[in-house]
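For reference, start.txt is printed below; it contains compact mmCIF, C-alpha atoms.
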```txt
# COMPACT_ATOMS: atom_id res chain seq x y z
CA MET T 1 0.00 0.00 0.00
CA SER T 2 1.28 3.49 -0.78
CA CYS T 3 2.17 6.11 1.81
CA SER T 4 -0.86 8.23 0.98
CA GLY T 5 -3.08 5.16 1.42
CA GLU T 6 -1.60 4.48 4.84
CA ARG T 7 -2.03 8.10 5.86
CA GLY T 8 -5.67 8.08 4.72
CA LYS T 9 -6.32 4.88 6.60
CA SER T 10 -4.90 6.23 9.86
CA LEU T 11 -7.02 9.38 9.57
CA MET T 12 -10.14 7.24 9.25
CA GLU T 13 -9.19 5.20 12.31
CA GLY T 14 -8.84 8.19 14.58
CA PRO T 15 -6.30 8.73 17.34
CA GLY T 16 -5.45 5.66 19.40
CA SER T 17 -8.11 3.56 17.74
CA GLY T 18 -7.35 0.14 16.32
CA GLU T 19 -10.75 -0.09 14.60
CA GLN T 20 -11.90 1.81 11.57
CA GLN T 21 -14.59 4.42 12.28
CA PRO T 22 -17.67 4.03 10.11
CA ALA T 23 -17.84 6.64 7.38
CA THR T 24 -20.78 9.03 7.39
CA PRO T 25 -23.62 7.07 5.81
CA SER T 26 -24.91 8.24 2.45
CA ARG T 27 -28.28 9.92 2.16
CA TYR T 28 -29.67 6.66 0.76
CA GLU T 29 -28.28 4.60 3.66
CA SER T 30 -29.64 7.07 6.23
CA GLN T 31 -33.07 7.05 4.61
CA LYS T 32 -33.04 3.26 4.39
CA ARG T 33 -32.28 3.02 8.12
CA ARG T 34 -35.06 5.52 8.96
CA ASP T 35 -37.53 3.65 6.76
CA TRP T 36 -36.57 0.33 8.33
CA ASN T 37 -37.00 1.73 11.84
CA THR T 38 -40.35 3.28 10.91
CA PHE T 39 -41.61 0.00 9.51
CA GLY T 40 -40.39 -1.85 12.61
CA GLN T 41 -42.22 0.65 14.82
CA TYR T 42 -45.36 0.23 12.71
CA LEU T 43 -45.25 -3.55 13.29
CA LYS T 44 -44.73 -3.06 17.05
CA ASN T 45 -47.75 -0.75 17.21
CA GLN T 46 -50.09 -3.33 15.68
CA ARG T 47 -52.56 -5.01 17.99
CA PRO T 48 -51.27 -7.59 18.66
CA PRO T 49 -47.70 -6.59 17.79
CA VAL T 50 -46.23 -8.34 14.76
CA HIS T 51 -42.72 -9.76 14.93
CA LEU T 52 -40.64 -9.27 11.81
CA SER T 53 -40.42 -13.03 11.31
CA GLN T 54 -44.23 -13.14 10.97
CA CYS T 55 -44.40 -10.15 8.64
CA ASN T 56 -45.94 -10.79 5.23
CA CYS T 57 -46.98 -8.79 2.19
CA ASN T 58 -50.35 -7.94 3.79
CA HIS T 59 -48.54 -6.09 6.57
CA VAL T 60 -46.51 -4.23 3.95
CA LEU T 61 -49.66 -3.29 2.02
CA ASP T 62 -51.31 -2.06 5.23
CA PHE T 63 -48.20 0.00 5.97
CA LEU T 64 -48.31 1.61 2.52
CA ARG T 65 -52.00 2.47 2.97
CA TYR T 66 -51.24 3.85 6.44
CA LEU T 67 -48.58 6.14 4.94
CA ASP T 68 -51.14 7.69 2.59
CA GLN T 69 -52.42 9.87 5.42
CA PHE T 70 -49.06 11.67 5.41
CA GLY T 71 -48.97 12.14 1.63
CA LYS T 72 -48.61 15.46 -0.14
CA THR T 73 -49.80 14.51 -3.63
CA LYS T 74 -53.36 15.50 -4.58
CA VAL T 75 -55.06 12.53 -6.22
CA HIS T 76 -58.40 13.44 -7.76
CA VAL T 77 -61.21 10.92 -7.39
CA PRO T 78 -63.20 9.93 -10.50
CA GLY T 79 -66.20 12.12 -9.47
CA CYS T 80 -64.08 15.26 -9.10
CA MET T 81 -64.52 17.93 -11.80
CA PHE T 82 -60.71 18.16 -12.02
CA TYR T 83 -60.20 14.42 -12.52
CA GLY T 84 -57.81 13.88 -15.41
CA GLN T 85 -56.51 17.47 -15.46
CA PRO T 86 -52.75 17.84 -15.00
CA GLU T 87 -53.08 21.39 -13.62
CA PRO T 88 -56.49 22.02 -12.03
CA PRO T 89 -57.51 25.70 -11.94
CA ALA T 90 -58.92 25.64 -8.40
CA PRO T 91 -58.64 23.68 -5.14
CA CYS T 92 -60.82 20.67 -4.41
CA THR T 93 -61.50 18.31 -1.53
CA CYS T 94 -59.78 15.27 -3.06
CA PRO T 95 -57.40 13.43 -0.73
CA LEU T 96 -53.66 13.81 -0.46
CA ARG T 97 -51.75 10.58 -0.98
CA GLN T 98 -48.20 9.33 -1.14
CA ALA T 99 -46.84 9.76 -4.64
CA TRP T 100 -46.23 6.57 -6.57
CA GLY T 101 -42.53 7.38 -7.03
CA SER T 102 -42.08 7.81 -3.28
CA LEU T 103 -43.73 4.47 -2.56
CA ASP T 104 -41.68 2.74 -5.23
CA ALA T 105 -38.44 4.12 -3.78
CA LEU T 106 -39.55 3.24 -0.24
CA ILE T 107 -40.22 -0.38 -1.22
CA GLY T 108 -36.80 -0.58 -2.85
CA ARG T 109 -35.09 0.64 0.32
CA LEU T 110 -37.14 -1.65 2.58
CA ARG T 111 -36.50 -4.61 0.30
CA ALA T 112 -32.75 -4.02 0.61
CA ALA T 113 -32.93 -3.36 4.37
CA TYR T 114 -34.86 -6.59 4.96
CA GLU T 115 -32.08 -8.67 3.43
CA GLU T 116 -29.33 -6.63 5.10
CA ASN T 117 -30.99 -7.36 8.45
CA GLY T 118 -30.91 -11.12 8.01
CA GLY T 119 -34.06 -11.79 6.00
CA SER T 120 -33.82 -14.30 3.19
CA PRO T 121 -34.49 -13.07 -0.36
CA GLU T 122 -37.01 -15.90 -0.86
CA MET T 123 -39.09 -14.72 2.13
CA ASN T 124 -38.81 -10.97 1.50
CA PRO T 125 -42.34 -9.52 1.97
CA PHE T 126 -41.30 -6.36 0.07
CA ALA T 127 -40.43 -8.36 -3.06
CA THR T 128 -43.72 -10.18 -3.62
CA GLY T 129 -45.94 -9.98 -6.65
CA ALA T 130 -48.72 -8.44 -4.55
CA ILE T 131 -46.50 -5.44 -3.79
CA ARG T 132 -45.60 -5.01 -7.47
CA VAL T 133 -49.31 -5.18 -8.42
CA TYR T 134 -50.20 -2.62 -5.73
CA LEU T 135 -47.51 -0.21 -6.94
CA ARG T 136 -48.63 -0.62 -10.56
CA GLU T 137 -52.24 0.11 -9.57
CA VAL T 138 -51.20 3.21 -7.61
CA ARG T 139 -49.14 4.45 -10.56
CA GLU T 140 -52.01 3.93 -13.02
CA CYS T 141 -54.59 5.47 -10.69
CA GLN T 142 -52.47 8.55 -10.07
CA ALA T 143 -51.67 8.91 -13.76
CA LYS T 144 -55.37 8.82 -14.70
CA ALA T 145 -56.28 11.23 -11.91
CA ARG T 146 -53.73 13.74 -13.20
CA GLY T 147 -54.37 13.09 -16.89
CA ILE T 148 -50.81 11.95 -17.47
CA PRO T 149 -50.46 8.61 -19.23
CA TYR T 150 -47.54 6.46 -18.16
CA LYS T 151 -46.08 4.90 -21.25
CA LYS T 152 -42.79 3.19 -21.72
CA LYS T 153 -40.37 5.55 -23.38
CA LYS T 154 -39.30 4.52 -26.83
CA LYS T 155 -35.61 4.41 -27.56
CA LYS T 156 -34.40 7.16 -29.83
CA PRO T 157 -33.08 5.86 -33.13
CA THR T 158 -29.32 5.83 -33.24
CA PRO T 159 -27.68 7.94 -35.97
CA LYS T 160 -26.46 6.08 -39.02
CA LYS T 161 -22.78 5.21 -39.03
CA ASP T 162 -22.31 6.57 -42.55
CA GLN T 163 -23.27 10.08 -41.44
CA ASP T 164 -21.08 9.98 -38.33
CA SER T 165 -18.01 8.60 -40.04
CA SER T 166 -18.22 10.99 -43.00
CA SER T 167 -18.56 14.05 -40.78
CA SER T 168 -15.81 12.97 -38.42
CA SER T 169 -13.45 11.96 -41.22
CA SER T 170 -13.82 15.29 -42.96
CA SER T 171 -13.15 17.21 -39.75
CA SER T 172 -10.26 15.00 -38.71
CA SER T 173 -8.59 15.29 -42.12
CA SER T 174 -7.92 18.96 -41.50
CA PHE T 175 -5.61 18.10 -38.63
CA ARG T 176 -2.03 17.12 -39.41
CA PHE T 177 0.46 15.61 -37.06
CA SER T 178 4.10 16.28 -37.76
```

Would you write the structure of this file as structure tokens?
Amino acid sequence: MSCSGERGKSLMEGPGSGEQQPATPSRYESQKRRDWNTFGQYLKNQRPPVHLSQCNCNHVLDFLRYLDQFGKTKVHVPGCMFYGQPEPPAPCTCPLRQAWGSLDALIGRLRAAYEENGGSPEMNPFATGAIRVYLREVRECQAKARGIPYKKKKKKPTPKKDQDSSSSSSSSSSFRFS
């Protein structure tokens, strides 16, 4: 190892410490830990409390529905006069919900946290088909309510090689190396 590597290592260890200090966790890692703790607290608050080993996709779905009460995204109901309008001109009484993208990211973090905390990938309640179906339904419902269709983006056609090579060869021919 180089001298600079040794110096960097000793700075991380701190004075008189034989163990390496953990680096400041990334924003993602911090959020994942908070989400994991929040979900654990949610399970403890159930009547009767649910131990993580008994947790299944129904508990996860209930948790996602519970989180809706803290949402900030207006989701118009089908009877609302602004249903299907991306930018409604006036306020309405439709509920606020968690945005689909937030729920999708949350599930991704909880799925990773479950396995990092000893859960087996085969038993991961955050990775079940029921969760994927729920997220798809939320996405479609919110898209319809806002009048924004979710479609898979088509790949842009790649430029033809003939055009690229002719333009680059003409520009490169003006340069001479001596």

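Here atom CA of T:Leu64 and atom CA of T:Gly84 stand 23.7 Å from one another.
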
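You will find atom CA of T:Ser102 at 22.4 Å from atom CA of T:Pro121.
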
| query | So which residues touch T:Glu140 within 12 Å, counting all atoms listed in the file, skipping near sequence neighbours fewer than 3 positions away, as JSON, numbers by chain? | reply | {"T": [75, 84, 99, 100, 101, 133, 134, 135, 136, 137, 143, 144, 145, 146, 147, 148, 149, 150, 151]}

| remark: Between atom CA of T:Gly119 and atom CA of T:Pro48 lies a distance of 21.8 Å

Using all atoms listed in the file, which residues of stretch 54-134 of chain T come within 10 Å of stretch 25-33 of chain T, and what is the closest atom pair for each, with the distance in Å to one decimal? Give it as a Markdown table, sorted by chain and residue number.
```
| residue | atom | partner | partner_atom | distance |
| --- | --- | --- | --- | --- |
| T:Ala105 | CA | T:Lys32 | CA | 9.8 |
| T:Leu106 | CA | T:Lys32 | CA | 8.0 |
| T:Ile107 | CA | T:Lys32 | CA | 9.8 |
| T:Gly108 | CA | T:Lys32 | CA | 9.0 |
| T:Arg109 | CA | T:Lys32 | CA | 5.3 |
| T:Leu110 | CA | T:Lys32 | CA | 6.6 |
| T:Arg111 | CA | T:Lys32 | CA | 9.5 |
| T:Ala112 | CA | T:Lys32 | CA | 8.2 |
| T:Ala113 | CA | T:Lys32 | CA | 6.6 |
```

| note | From the list T:Met81, T:Glu122, T:Tyr66, T:Tyr114, the nearest residue to T:Asn37 using only C-alpha atoms is T:Tyr114

| said: Could you list, as a ChimeraX atom specification, every residue within 7 Å of T:His76, counting only C-alpha atoms and ignoring same-chain residues fewer than 6 positions away? | reply: /T:82-83,94,145

Missing atoms of stretch 88-100 of chain T rebuilt to N, CA, C and O atoms, written as a short mmCIF file (atom, residue, chain, number, x, y, z; two decimals), in the frame of the given file:
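Produced file result_28.cif, reproduced below:
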```cif
data_model
loop_
_atom_site.label_atom_id
_atom_site.label_comp_id
_atom_site.auth_asym_id
_atom_site.auth_seq_id
_atom_site.Cartn_x
_atom_site.Cartn_y
_atom_site.Cartn_z
N PRO T 88 -55.14 21.51 -12.29
CA PRO T 88 -56.49 22.02 -12.03
C PRO T 88 -56.47 23.51 -11.69
O PRO T 88 -55.55 23.99 -11.03
N PRO T 89 -57.49 24.25 -12.15
CA PRO T 89 -57.51 25.70 -11.94
C PRO T 89 -57.91 26.15 -10.55
O PRO T 89 -57.74 27.33 -10.20
N ALA T 90 -58.46 25.25 -9.73
CA ALA T 90 -58.92 25.64 -8.40
C ALA T 90 -58.73 24.47 -7.43
O ALA T 90 -58.55 23.33 -7.85
N PRO T 91 -58.78 24.76 -6.12
CA PRO T 91 -58.64 23.68 -5.14
C PRO T 91 -59.89 22.79 -5.11
O PRO T 91 -60.96 23.19 -5.55
N CYS T 92 -59.70 21.60 -4.59
CA CYS T 92 -60.82 20.67 -4.41
C CYS T 92 -60.61 19.89 -3.12
O CYS T 92 -59.59 20.05 -2.45
N THR T 93 -61.56 19.05 -2.80
CA THR T 93 -61.50 18.31 -1.53
C THR T 93 -60.93 16.90 -1.69
O THR T 93 -61.01 16.10 -0.76
N CYS T 94 -60.35 16.61 -2.84
CA CYS T 94 -59.78 15.27 -3.06
C CYS T 94 -58.63 15.03 -2.08
O CYS T 94 -57.96 15.97 -1.65
N PRO T 95 -58.40 13.75 -1.75
CA PRO T 95 -57.40 13.43 -0.73
C PRO T 95 -55.95 13.61 -1.20
O PRO T 95 -55.66 13.57 -2.38
N LEU T 96 -55.10 13.81 -0.22
CA LEU T 96 -53.66 13.81 -0.46
C LEU T 96 -53.18 12.38 -0.23
O LEU T 96 -53.62 11.71 0.70
N ARG T 97 -52.29 11.94 -1.07
CA ARG T 97 -51.75 10.58 -0.98
C ARG T 97 -50.24 10.61 -1.14
O ARG T 97 -49.67 11.61 -1.56
N GLN T 98 -49.62 9.48 -0.84
CA GLN T 98 -48.20 9.33 -1.14
C GLN T 98 -48.06 9.20 -2.65
O GLN T 98 -48.84 8.50 -3.30
N ALA T 99 -47.09 9.87 -3.21
CA ALA T 99 -46.84 9.76 -4.64
C ALA T 99 -46.30 8.38 -4.97
O ALA T 99 -45.55 7.79 -4.18
N TRP T 100 -46.67 7.89 -6.15
CA TRP T 100 -46.23 6.57 -6.57
C TRP T 100 -44.70 6.45 -6.52
O TRP T 100 -44.17 5.45 -6.03
#
```
